[in-house]
Amino acid sequence: MEKEEKEIVVPEFYRDLSEDPEKKGLWHYVFRSDDGRKPIRTPDGKPHKLPFQWKDMFPNENGHIEVEIGSGKGTFMIEYAQKHPDYFIMGSEWDYTWAAFAHTRMESRKVLDNAAMLRGDVFYFLRDAVKDNTVDAFHMYFPDPWPKERHHKNRLLRPDFLAEVARVLKPGKRIFYWGTDHKEYNEIALETFDAFPGCKVVERNTAEPTEGISTGFERKYKKEGRPIYRSVIEFEK
Ligand SMILES: C[S@@+](CC[C@H](N)C(=O)[O-])C[C@H]1O[C@@H](n2cnc3c(N)ncnc32)[C@H](O)[C@@H]1O
């Protein structure tokens with residue numbers, strides 16, 4: 001007899017977004033917890049939507065918003081924000097130590113007028129907080145490759161992630177910059193882009209660092225002589 005497949009129900013939780021009272025430009029997106037510090041589930045099992053607008057994060061924003069997924073120490077976004085004072089760029093990092101470190105560098109490099117750091121899981125932030133058609137470009141460089149097969153499910157470049165990216169990108173040709181040193185994750189990612197409606201890989205493994213700015217991990221990997229795969233993807237909708 002065939003084994004009956006059990007439906008896996010992923011619980012949904014409340015998450016709250018707030019700017020750090022002591023560190024302007026550092027935003028926390030974290031579980032709302034009960035007194036025992038357990039995350040509180042939503043009553044209907046549906047995602048909790050937040051009344052967020054980019055103006056809340058960037059009071060002077062001019063409509064040009066870019067998002068970096070997994071910024072690490074913030075090396076790329078700081079240099080990019082310095083180069084483009086007219087772009088408003090949100091970095092993201094779920095690890096508190098890295099997020100705080102990147103934020104301190106952002107402060108000392110004086111980019112906090114047009115850059116901010118989100119500490120939290122950026123997938124849920126996109127899904128729960130970001131309105132449709134509000135983002136101009138995404139940058140995703142050297143995401144955690146989760147090399148073991150049983151951990152592949154943790155990889156962020158998945159169809160449900162791309163669905164959120166496509167929803168929040170503005171209509172017209174909008175760009176996603178991608179880079180990794182991991183051959184197998186790169187192949188799967190490019191297959192995922194190829195299969196996603198409206199997605200077109202316009203530079204396949206031949207792109208240079210975006211505007212010549214290498215990321216922190218990239219600088220290290222280049223020194224080690226690892227191959228680097230960079231691509232540029234357009235979303236048409
Ligand atoms: C390998 S590092 C690369 C950092 C940077 N992009 C670079 O190239 O130097 C990937 C980073 O993404 C962060 N990260 C992974 N998944 C994330 C998620 N869902 N939301 C926010 N940050 C995430 C990790 O904590 C890690 O610091």
# chains A, B, ... in the order shown; residues from 1 in each chain; ligands from 1
call {"tool": "closest_atom_pairs", "arguments": {"of": "chain A", "to": "ligand 1", "cutoff": "6 Å", "atoms": "only C-alpha atoms and all ligand atoms", "output": "JSON lines"}}
result
{"residue": "A:Gly70", "atom": "CA", "partner": "ligand 1", "partner_atom_place_in_ligand_line": "12 (O)", "distance": 3.3}
{"residue": "A:Ser71", "atom": "CA", "partner": "ligand 1", "partner_atom_place_in_ligand_line": "6 (N)", "distance": 4.3}
{"residue": "A:Gly72", "atom": "CA", "partner": "ligand 1", "partner_atom_place_in_ligand_line": "4 (C)", "distance": 3.8}
{"residue": "A:Ser92", "atom": "CA", "partner": "ligand 1", "partner_atom_place_in_ligand_line": "21 (C)", "distance": 5.1}
{"residue": "A:Glu93", "atom": "CA", "partner": "ligand 1", "partner_atom_place_in_ligand_line": "22 (N)", "distance": 3.5}
{"residue": "A:Trp94", "atom": "CA", "partner": "ligand 1", "partner_atom_place_in_ligand_line": "21 (C)", "distance": 4.0}
{"residue": "A:Asp95", "atom": "CA", "partner": "ligand 1", "partner_atom_place_in_ligand_line": "25 (O)", "distance": 4.9}
{"residue": "A:Gly120", "atom": "CA", "partner": "ligand 1", "partner_atom_place_in_ligand_line": "21 (C)", "distance": 5.7}
{"residue": "A:Asp121", "atom": "CA", "partner": "ligand 1", "partner_atom_place_in_ligand_line": "20 (N)", "distance": 3.6}
{"residue": "A:Val122", "atom": "CA", "partner": "ligand 1", "partner_atom_place_in_ligand_line": "20 (N)", "distance": 4.1}
{"residue": "A:Phe123", "atom": "CA", "partner": "ligand 1", "partner_atom_place_in_ligand_line": "19 (N)", "distance": 5.5}
{"residue": "A:Tyr141", "atom": "CA", "partner": "ligand 1", "partner_atom_place_in_ligand_line": "6 (N)", "distance": 4.5}
{"residue": "A:Phe142", "atom": "CA", "partner": "ligand 1", "partner_atom_place_in_ligand_line": "8 (O)", "distance": 4.6}
{"residue": "A:Pro143", "atom": "CA", "partner": "ligand 1", "partner_atom_place_in_ligand_line": "10 (C)", "distance": 4.3}
{"residue": "A:Asp144", "atom": "CA", "partner": "ligand 1", "partner_atom_place_in_ligand_line": "1 (C)", "distance": 4.6}
{"residue": "A:Thr215", "atom": "CA", "partner": "ligand 1", "partner_atom_place_in_ligand_line": "8 (O)", "distance": 4.5}
{"residue": "A:Gly216", "atom": "CA", "partner": "ligand 1", "partner_atom_place_in_ligand_line": "9 (O)", "distance": 3.7}
{"residue": "A:Phe217", "atom": "CA", "partner": "ligand 1", "partner_atom_place_in_ligand_line": "9 (O)", "distance": 3.8}
{"residue": "A:Glu218", "atom": "CA", "partner": "ligand 1", "partner_atom_place_in_ligand_line": "8 (O)", "distance": 5.8}
call {"tool": "residues_around", "arguments": {"residues": "range 39-41 of chain A", "least_positions_apart": "5", "cutoff": "9 Å", "atoms": "only C-alpha atoms", "output": "PDB file with N, CA and C atoms, in the first residue's frame"}}
result
ATOM      1  N   PRO A  11       3.310  27.069  10.169  1.00  0.00           N
ATOM      2  CA  PRO A  11       2.585  28.048  10.992  1.00  0.00           C
ATOM      3  C   PRO A  11       2.959  29.482  10.630  1.00  0.00           C
ATOM      4  N   GLU A  12       2.033  30.389  10.774  1.00  0.00           N
ATOM      5  CA  GLU A  12       2.301  31.817  10.526  1.00  0.00           C
ATOM      6  C   GLU A  12       2.303  32.552  11.864  1.00  0.00           C
ATOM      7  N   PHE A  13       3.161  33.563  11.939  1.00  0.00           N
ATOM      8  CA  PHE A  13       3.355  34.280  13.203  1.00  0.00           C
ATOM      9  C   PHE A  13       3.224  35.778  12.992  1.00  0.00           C
ATOM     10  N   TYR A  14       2.945  36.480  14.076  1.00  0.00           N
ATOM     11  CA  TYR A  14       3.053  37.941  14.047  1.00  0.00           C
ATOM     12  C   TYR A  14       4.527  38.334  14.089  1.00  0.00           C
ATOM     13  N   ARG A  15       4.866  39.312  13.265  1.00  0.00           N
ATOM     14  CA  ARG A  15       6.215  39.893  13.336  1.00  0.00           C
ATOM     15  C   ARG A  15       6.037  41.401  13.356  1.00  0.00           C
ATOM     16  N   PHE A  31       9.819  38.514  15.624  1.00  0.00           N
ATOM     17  CA  PHE A  31       8.592  37.884  16.124  1.00  0.00           C
ATOM     18  C   PHE A  31       8.010  38.675  17.282  1.00  0.00           C
ATOM     19  N   ARG A  32       6.689  38.811  17.262  1.00  0.00           N
ATOM     20  CA  ARG A  32       6.008  39.307  18.460  1.00  0.00           C
ATOM     21  C   ARG A  32       5.892  38.097  19.402  1.00  0.00           C
ATOM     22  N   SER A  33       6.320  38.286  20.659  1.00  0.00           N
ATOM     23  CA  SER A  33       6.408  37.119  21.548  1.00  0.00           C
ATOM     24  C   SER A  33       5.502  37.266  22.764  1.00  0.00           C
ATOM     25  N   ASP A  34       5.118  36.127  23.327  1.00  0.00           N
ATOM     26  CA  ASP A  34       4.370  36.183  24.593  1.00  0.00           C
ATOM     27  C   ASP A  34       5.374  36.316  25.748  1.00  0.00           C
TER      28      ASP A  34
END
call {"tool": "residues_around", "arguments": {"residues": "Ala129 in chain A", "least_positions_apart": "4", "cutoff": "9 Å", "atoms": "only C-alpha atoms", "output": "list in words"}}
result
Leu17, His48, Lys49, Leu50, Pro51, Phe52, Gln53, Tyr124 and Phe125 of chain A
call {"tool": "write_last_selection", "arguments": {"atoms": "N, CA and C atoms", "output": "CSV table (one decimal), in the first residue's frame"}}
result
chain,number,residue,atom,x,y,z
A,17,LEU,N,7.7,45.4,13.1
A,17,LEU,CA,8.8,46.1,12.4
A,17,LEU,C,8.9,47.5,13.2
A,48,HIS,N,0.7,37.8,8.6
A,48,HIS,CA,0.3,39.1,9.2
A,48,HIS,C,0.8,40.2,8.3
A,49,LYS,N,-0.1,41.0,7.8
A,49,LYS,CA,0.3,42.1,6.9
A,49,LYS,C,0.5,43.4,7.6
A,50,LEU,N,1.6,44.1,7.3
A,50,LEU,CA,2.0,45.3,8.0
A,50,LEU,C,1.6,46.6,7.2
A,51,PRO,N,1.2,47.7,7.9
A,51,PRO,CA,0.9,48.9,7.1
A,51,PRO,C,2.2,49.7,6.9
A,52,PHE,N,3.1,49.2,6.1
A,52,PHE,CA,4.4,49.8,5.9
A,52,PHE,C,4.4,50.5,4.5
A,53,GLN,N,5.1,51.7,4.5
A,53,GLN,CA,5.4,52.3,3.2
A,53,GLN,C,6.9,52.7,3.3
A,124,TYR,N,10.2,37.2,4.6
A,124,TYR,CA,8.9,37.6,5.3
A,124,TYR,C,8.7,39.1,5.3
A,125,PHE,N,9.8,39.9,5.3
A,125,PHE,CA,9.6,41.3,5.2
A,125,PHE,C,9.0,41.7,3.9
call {"tool": "closest_residue", "arguments": {"among": "A:Gln82, A:Arg109, A:Ala163, A:Asn133", "to": "Ala195 in chain A", "atoms": "only C-alpha atoms"}}
result
A:Ala163
call {"tool": "atom_distance", "arguments": {"atom1": "CA of Glu236 in chain A", "atom2": "CA of Ile213 in chain A"}}
result
25.7 Å
call {"tool": "select_by_dssp", "arguments": {"residues": "range 51-214 of chain A", "states": "strand (DSSP E)", "output": "JSON, numbers by chain"}}
result
{"A": [65, 66, 67, 68, 69, 88, 89, 90, 91, 92, 93, 115, 116, 117, 118, 119, 137, 138, 139, 140, 141, 174, 175, 176, 177, 178, 179, 180, 199, 200, 201, 202, 203]}
